[in-house]
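Structure data (mmCIF, C-alpha atoms and all ligand atoms) from coords-v5.cif:
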```cif
data_my_file
#
loop_
_atom_site.label_atom_id
_atom_site.label_comp_id
_atom_site.auth_asym_id
_atom_site.auth_seq_id
_atom_site.Cartn_x
_atom_site.Cartn_y
_atom_site.Cartn_z
CA MET F 67 0.00 0.00 0.00
CA GLY F 68 1.23 3.51 -0.75
CA THR F 69 1.66 6.58 1.34
CA GLY F 70 -1.51 8.33 0.23
CA LYS F 71 0.49 11.52 0.25
CA THR F 72 -1.46 14.71 -0.48
CA THR F 73 -0.05 18.13 -1.32
CA ASP F 74 1.11 19.99 1.78
CA PRO F 75 -0.65 23.37 1.55
CA LYS F 76 2.14 25.05 3.54
CA ARG F 77 4.89 24.06 1.14
CA PRO F 78 3.55 24.24 -2.41
CA PRO F 79 6.05 23.26 -5.14
CA ARG F 80 7.23 26.14 -7.30
CA ASN F 81 7.37 24.13 -10.51
CA ALA F 82 4.58 22.03 -11.88
CA GLU F 83 6.17 18.78 -10.75
CA HIS F 84 3.08 16.73 -11.45
CA VAL F 85 1.27 17.51 -14.68
CA ALA F 86 -1.89 15.62 -15.59
CA ILE F 87 -3.29 15.77 -19.12
CA ILE F 88 -6.75 15.06 -20.50
CA MET F 89 -5.71 14.17 -24.03
CA ASP F 90 -8.81 15.16 -25.99
CA GLY F 91 -9.56 15.87 -29.63
CA ASN F 92 -8.17 12.85 -31.49
CA GLY F 93 -11.51 12.10 -33.14
CA ARG F 94 -12.07 15.67 -34.37
CA TRP F 95 -8.49 15.88 -35.59
CA ALA F 96 -9.09 12.83 -37.81
CA THR F 97 -12.64 13.51 -38.99
CA SER F 98 -11.80 17.09 -40.00
CA ARG F 99 -9.37 15.51 -42.46
CA GLY F 100 -11.88 12.92 -43.64
CA TRP F 101 -10.01 10.12 -41.87
CA PRO F 102 -11.28 7.41 -39.48
CA ARG F 103 -11.18 8.37 -35.77
CA LEU F 104 -8.61 5.64 -35.09
CA VAL F 105 -6.06 7.49 -37.22
CA GLY F 106 -6.39 10.34 -34.73
CA HIS F 107 -5.88 7.96 -31.81
CA ARG F 108 -2.74 6.56 -33.45
CA ARG F 109 -1.36 10.05 -33.95
CA GLY F 110 -2.32 10.85 -30.37
CA ALA F 111 -0.24 7.93 -29.08
CA GLU F 112 2.77 9.29 -31.00
CA ARG F 113 2.28 12.62 -29.23
CA VAL F 114 2.51 10.90 -25.86
CA ARG F 115 5.98 9.73 -26.86
CA GLU F 116 7.12 13.29 -27.62
CA ILE F 117 5.58 14.76 -24.48
CA VAL F 118 7.14 12.06 -22.26
CA ARG F 119 10.55 12.85 -23.70
CA ALA F 120 10.12 16.58 -23.05
CA CYS F 121 9.09 16.31 -19.38
CA PRO F 122 12.39 15.86 -17.49
CA ASP F 123 13.93 19.02 -19.00
CA LEU F 124 10.83 21.00 -17.99
CA GLY F 125 11.21 19.94 -14.36
CA ILE F 126 8.21 17.62 -14.56
CA ARG F 127 8.77 14.54 -12.40
CA TRP F 128 5.27 13.09 -12.67
CA LEU F 129 3.13 12.93 -15.81
CA THR F 130 -0.34 11.40 -15.69
CA VAL F 131 -2.33 11.02 -18.90
CA TYR F 132 -6.00 10.16 -19.38
CA ALA F 133 -6.17 7.56 -22.16
CA PHE F 134 -9.54 5.83 -21.68
CA SER F 135 -12.38 6.68 -19.31
CA THR F 136 -14.97 4.42 -17.71
CA GLU F 137 -17.45 6.24 -19.96
CA ASN F 138 -15.53 5.58 -23.18
CA TRP F 139 -17.02 2.04 -23.40
CA LYS F 140 -20.08 3.80 -24.88
CA ARG F 141 -18.17 4.22 -28.15
CA SER F 142 -18.42 1.78 -31.09
CA THR F 143 -16.86 -1.67 -30.68
CA GLU F 144 -14.52 -0.82 -33.51
CA GLU F 145 -13.21 2.29 -31.76
CA VAL F 146 -12.92 0.58 -28.35
CA LEU F 147 -11.06 -2.43 -29.77
CA GLY F 148 -8.89 -0.13 -31.86
CA LEU F 149 -7.94 1.87 -28.77
CA MET F 150 -7.13 -1.32 -26.83
CA ALA F 151 -4.88 -2.43 -29.70
CA ILE F 152 -3.12 0.95 -29.62
CA PHE F 153 -2.47 0.57 -25.86
CA ALA F 154 -1.03 -2.92 -26.39
CA ARG F 155 1.19 -1.71 -29.22
CA TYR F 156 2.36 1.28 -27.17
CA ILE F 157 3.42 -1.06 -24.34
CA GLU F 158 5.18 -3.41 -26.77
CA ARG F 159 7.02 -0.69 -28.62
CA GLU F 160 7.90 1.59 -25.70
CA ALA F 161 9.09 -0.95 -23.12
CA ASP F 162 12.77 -0.76 -24.12
CA ARG F 163 12.85 2.98 -24.62
CA LEU F 164 11.08 3.76 -21.34
CA SER F 165 13.41 1.60 -19.28
CA ILE F 166 16.49 3.03 -21.02
CA GLU F 167 15.25 6.58 -20.46
CA GLY F 168 14.52 5.97 -16.76
CA VAL F 169 10.75 6.30 -17.05
CA ARG F 170 8.67 4.37 -14.55
CA LEU F 171 5.29 3.45 -16.02
CA ARG F 172 2.20 2.82 -13.91
CA PHE F 173 -1.47 2.41 -14.73
CA ILE F 174 -4.50 3.66 -12.83
CA GLY F 175 -8.12 2.65 -13.39
CA ASP F 176 -10.05 -0.58 -13.00
CA ARG F 177 -8.02 -2.99 -15.06
CA THR F 178 -10.15 -6.04 -14.20
CA ARG F 179 -12.47 -5.21 -17.11
CA LEU F 180 -9.64 -5.20 -19.66
CA ASP F 181 -8.55 -8.15 -21.82
CA PRO F 182 -6.44 -10.49 -19.61
CA LYS F 183 -3.67 -10.38 -22.22
CA LEU F 184 -3.51 -6.60 -21.97
CA GLN F 185 -3.61 -6.80 -18.16
CA LYS F 186 -0.60 -9.10 -18.27
CA MET F 187 1.29 -6.72 -20.53
CA MET F 188 0.47 -3.83 -18.19
CA ALA F 189 1.77 -5.70 -15.14
CA GLY F 190 4.85 -6.73 -17.12
CA ILE F 191 5.88 -3.22 -18.14
CA GLU F 192 5.14 -1.87 -14.65
CA ALA F 193 7.53 -4.44 -13.19
CA ARG F 194 10.10 -3.88 -15.91
CA THR F 195 10.24 -0.09 -15.50
CA MET F 196 9.99 -0.10 -11.70
CA GLY F 197 13.56 1.19 -11.27
CA GLY F 198 12.98 4.33 -13.38
CA THR F 199 13.63 7.58 -11.51
CA ARG F 200 13.74 10.32 -14.17
CA LEU F 201 10.01 10.45 -14.80
CA ASN F 202 6.94 8.78 -13.34
CA LEU F 203 4.49 8.22 -16.18
CA THR F 204 1.00 7.13 -15.21
CA VAL F 205 -1.55 6.12 -17.84
CA ALA F 206 -5.23 6.14 -16.86
CA ILE F 207 -7.02 3.29 -18.65
CA ASN F 208 -10.63 2.43 -17.79
CA TYR F 209 -10.26 5.21 -15.24
CA GLY F 210 -13.16 7.14 -13.76
CA GLY F 211 -12.82 9.28 -10.65
CA ARG F 212 -16.21 8.27 -9.29
CA ASP F 213 -15.50 4.59 -9.95
CA GLU F 214 -12.13 4.93 -8.20
CA ILE F 215 -13.77 6.59 -5.17
CA ALA F 216 -16.50 3.92 -5.03
CA ARG F 217 -13.85 1.16 -5.09
CA ALA F 218 -11.90 2.89 -2.30
CA VAL F 219 -15.08 3.25 -0.21
CA ARG F 220 -15.90 -0.44 -0.70
CA SER F 221 -12.45 -1.43 0.50
CA ILE F 222 -12.72 0.80 3.59
CA ALA F 223 -16.27 -0.41 4.31
CA ARG F 224 -15.05 -4.00 4.19
CA ASP F 225 -12.33 -3.26 6.76
CA VAL F 226 -14.74 -1.38 9.01
CA ALA F 227 -17.36 -4.16 8.79
CA GLU F 228 -14.77 -6.78 9.68
CA GLY F 229 -13.42 -4.76 12.60
CA ARG F 230 -10.01 -3.96 11.12
CA LEU F 231 -10.61 -0.22 10.93
CA ALA F 232 -12.50 2.20 13.20
CA PRO F 233 -14.74 4.73 11.43
CA GLU F 234 -12.95 7.53 13.33
CA ALA F 235 -9.65 6.40 11.83
CA VAL F 236 -10.82 7.18 8.28
CA THR F 237 -8.92 10.40 7.61
CA GLU F 238 -8.19 12.10 4.28
CA ALA F 239 -4.79 10.38 4.22
CA VAL F 240 -6.27 6.94 4.96
CA PHE F 241 -8.80 7.44 2.17
CA ALA F 242 -6.20 8.71 -0.33
CA ALA F 243 -4.09 5.62 0.37
CA ARG F 244 -6.95 3.44 -0.97
CA LEU F 245 -7.11 5.26 -4.29
CA ASP F 246 -5.33 4.00 -7.41
CA THR F 247 -3.06 7.04 -7.05
CA ALA F 248 -1.86 6.07 -3.54
CA ASP F 249 1.79 6.29 -4.61
CA LEU F 250 1.41 9.56 -6.56
CA PRO F 251 1.55 13.14 -5.29
CA ASP F 252 -1.46 15.31 -6.16
CA PRO F 253 -1.27 16.98 -9.59
CA ASP F 254 -0.15 20.62 -9.59
CA LEU F 255 -1.49 21.34 -13.05
CA VAL F 256 -4.20 19.69 -15.14
CA ILE F 257 -4.20 20.45 -18.87
CA ARG F 258 -7.11 19.63 -21.17
CA THR F 259 -6.72 19.93 -24.91
CA SER F 260 -9.36 20.38 -27.65
CA GLY F 261 -11.13 23.41 -26.20
CA GLU F 262 -13.53 21.54 -23.92
CA THR F 263 -13.66 23.07 -20.45
CA ARG F 264 -14.75 20.09 -18.36
CA THR F 265 -12.89 17.51 -16.34
CA SER F 266 -14.82 14.40 -17.49
CA ASN F 267 -14.32 12.40 -14.28
CA PHE F 268 -10.51 12.80 -14.19
CA LEU F 269 -8.85 12.83 -10.74
CA PRO F 270 -11.70 14.63 -8.89
CA TRP F 271 -10.20 13.92 -5.44
CA GLN F 272 -6.55 14.44 -6.37
CA ALA F 273 -7.01 17.64 -8.39
CA ALA F 274 -9.02 19.44 -5.69
CA TYR F 275 -6.33 22.16 -5.52
CA ALA F 276 -4.76 21.79 -8.96
CA GLU F 277 -4.50 24.65 -11.42
CA TYR F 278 -6.30 24.06 -14.71
CA GLU F 279 -5.28 25.04 -18.21
CA PHE F 280 -7.56 24.56 -21.20
CA SER F 281 -5.93 24.60 -24.61
CA PRO F 282 -7.82 24.82 -27.91
CA THR F 283 -5.22 22.58 -29.59
CA LEU F 284 -6.42 19.10 -30.56
CA TRP F 285 -4.29 16.46 -28.84
CA PRO F 286 -2.58 15.17 -32.03
CA ASP F 287 -1.28 18.73 -32.60
CA PHE F 288 -0.15 19.31 -29.01
CA GLY F 289 3.64 19.49 -28.88
CA ALA F 290 6.50 19.96 -26.44
CA GLN F 291 6.63 23.70 -27.21
CA GLU F 292 3.07 24.30 -26.07
CA LEU F 293 3.68 22.20 -22.96
CA ALA F 294 6.78 24.28 -22.19
CA ALA F 295 4.76 27.52 -22.57
CA ILE F 296 1.98 26.30 -20.26
CA VAL F 297 4.40 25.00 -17.64
CA GLY F 298 6.32 28.30 -17.85
CA GLN F 299 3.16 30.28 -17.08
CA PHE F 300 2.38 28.01 -14.16
CA GLY F 301 5.30 29.58 -12.28
CA ASN F 302 3.48 32.93 -12.33
CA ARG F 303 0.31 31.62 -10.73
CA GLU F 304 -0.21 32.25 -7.07
CA ARG F 305 -1.53 29.15 -5.35
CA ARG F 306 -3.15 30.14 -2.08
CA PHE F 307 -4.63 26.80 -0.91
CA GLY F 308 -7.30 28.68 1.00
CA GLY F 309 -4.84 31.05 2.66
CA VAL F 310 -4.18 34.74 2.06
CA ALA F 311 -1.96 36.23 -0.67
CA GLY F 312 1.68 36.67 0.35
CA ALA F 313 1.09 35.33 3.86
C1 LIG L 401 -9.53 11.62 -26.83
O1 LIG L 401 -9.99 11.98 -28.07
C2 LIG L 401 -9.20 10.15 -26.72
C3 LIG L 401 -10.19 9.36 -25.98
C4 LIG L 401 -11.20 9.85 -25.29
C5 LIG L 401 -10.04 7.92 -26.00
P1 LIG L 401 -11.51 11.81 -28.50
O2 LIG L 401 -11.66 10.47 -29.14
O3 LIG L 401 -12.42 12.06 -27.38
O4 LIG L 401 -11.64 12.93 -29.61
P2 LIG L 401 -12.88 13.88 -29.84
O5 LIG L 401 -13.15 14.58 -28.54
O6 LIG L 401 -14.01 13.03 -30.27
O7 LIG L 401 -12.41 14.82 -30.89
C1 LIG L 402 -12.10 12.44 -21.72
O1 LIG L 402 -12.44 12.70 -23.03
C2 LIG L 402 -11.46 11.10 -21.61
C3 LIG L 402 -10.14 10.96 -22.22
C4 LIG L 402 -9.43 11.91 -22.74
C5 LIG L 402 -9.61 9.62 -22.18
P1 LIG L 402 -13.89 12.42 -23.62
O2 LIG L 402 -13.87 12.87 -25.03
O3 LIG L 402 -14.27 11.00 -23.37
O4 LIG L 402 -14.80 13.34 -22.69
P2 LIG L 402 -16.20 14.01 -22.99
O5 LIG L 402 -17.10 12.91 -23.51
O6 LIG L 402 -15.96 15.06 -24.01
O7 LIG L 402 -16.63 14.56 -21.68
MG MG L 403 -13.31 13.76 -26.66
#
```
Let me see the structure of the file written as structure tokens.
Amino acid sequence: MGTGKTTDPKRPPRNAEHVAIIMDGNGRWATSRGWPRLVGHRRGAERVREIVRACPDLGIRWLTVYAFSTENWKRSTEEVLGLMAIFARYIEREADRLSIEGVRLRFIGDRTRLDPKLQKMMAGIEARTMGGTRLNLTVAINYGGRDEIARAVRSIARDVAEGRLAPEAVTEAVFAARLDTADLPDPDLVIRTSGETRTSNFLPWQAAYAEYEFSPTLWPDFGAQELAAIVGQFGNRERRFGGVAGA
């Protein structure tokens, strides 16, 4: 079990050390060119590669990307299966590069609903990249914030019912340690591409005090330069965490 560490309001990090990205707009990027949506998803996966490579030089130690939500099962079978194939190929192709580059890869989300073969690949690359210390990359697959919270509550309720945990002992830290993100710090900055200004069930607990940035760029066009510009501006924001300016 992890530490369930949450951001200490008294000592906010100056840089955006943990950036979380809602990678949106792949479908529109493809259809506006008259191409199938899956072409956009493929191009989107290539973008992840570029963004991952850019992070360490920007001072980003943690990168969490939203790849597939618990709501995305509503899409056509063709699109869902195509996305699953893209995830499998990403794991296959990136394993060597990630471990060489010191990137530790983790997954969050309910993986029990995924193809057992994919689950095995996910566990394999997590184990293989466990020693990486340059960047912590977390990919959210079949992730939904409400689903994650419901699973955490079930696990706590089980312990309370069986007498292992007193209700009074359920603090914010105890709860956070039951989330999929138990080993991750809270995100400092959440970026959503494609012009939509909603969070779509992404990290509702963890991003309670995150800064948000909404970019009109469609994800397949989002590059390292734009990330650098957004992260640069982050340094100018004053994060008060409920306190008073300058105090
Ligand atoms: C984001 O792009 C990728 C996933 C949600 C899997 P979309 O597929 O949502 O692209 P748009 O929003 O339809 O353009
Ligand atoms: C959010 O994008 C999920 C991912 C980027 C994986 P969606 O395209 O699914 O979100 P909505 O439907 O616009 O809210
Ligand atoms: Mg979308």
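The two atoms in question, atom CA of F:Leu269 and atom CA of F:Arg155, are spaced 25.6 Å apart.
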Each chain F residue no farther than 6 Å from ligand LIG 402 (chain L), nearest pair in Å, all atoms listed in the file, as JSON lines:
```
{"residue": "F:Ile88", "atom": "CA", "partner": "L:LIG402", "partner_atom": "C4", "distance": 4.7}
{"residue": "F:Met89", "atom": "CA", "partner": "L:LIG402", "partner_atom": "C4", "distance": 4.5}
{"residue": "F:Asp90", "atom": "CA", "partner": "L:LIG402", "partner_atom": "C4", "distance": 4.6}
{"residue": "F:Tyr132", "atom": "CA", "partner": "L:LIG402", "partner_atom": "C5", "distance": 4.6}
{"residue": "F:Ala133", "atom": "CA", "partner": "L:LIG402", "partner_atom": "C5", "distance": 4.0}
{"residue": "F:Phe134", "atom": "CA", "partner": "L:LIG402", "partner_atom": "C5", "distance": 3.8}
{"residue": "F:Ser135", "atom": "CA", "partner": "L:LIG402", "partner_atom": "C5", "distance": 5.0}
{"residue": "F:Asn138", "atom": "CA", "partner": "L:LIG402", "partner_atom": "O3", "distance": 5.6}
{"residue": "F:Ser266", "atom": "CA", "partner": "L:LIG402", "partner_atom": "O7", "distance": 4.6}
```
Keeping C-alpha atoms for every residue in the selection just given, could you write it to a file as a PDB file, in the coordinates of the input?
```
ATOM      1  CA  ILE F  88      -6.750  15.060 -20.500  1.00  0.00           C
ATOM      2  CA  MET F  89      -5.710  14.170 -24.030  1.00  0.00           C
ATOM      3  CA  ASP F  90      -8.810  15.160 -25.990  1.00  0.00           C
ATOM      4  CA  TYR F 132      -6.000  10.160 -19.380  1.00  0.00           C
ATOM      5  CA  ALA F 133      -6.170   7.560 -22.160  1.00  0.00           C
ATOM      6  CA  PHE F 134      -9.540   5.830 -21.680  1.00  0.00           C
ATOM      7  CA  SER F 135     -12.380   6.680 -19.310  1.00  0.00           C
ATOM      8  CA  ASN F 138     -15.530   5.580 -23.180  1.00  0.00           C
ATOM      9  CA  SER F 266     -14.820  14.400 -17.490  1.00  0.00           C
TER      10      SER F 266
END
```
Put a box with edges along x, y and z around all the listed atoms of ligand LIG 401 (chain L), pad it by 6 Å on each side, then give me its centre and sizes in Å, one decimal, as lines of an AutoDock Vina configuration file.
```
center_x = -11.6
center_y = 11.4
center_z = -28.1
size_x = 16.8
size_y = 18.9
size_z = 17.6
```
query = Quick one: distance from atom CA of F:Asp213 to atom CA of F:Arg108 in Å, one decimal?
reply = 26.8 Å
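When only C-alpha atoms and all ligand atoms are used to compute distances to ligand LIG 401 (chain L), the closest of the residues F:Thr204, F:Asn81, F:Gln299, F:Thr283 turns out to be F:Thr283.
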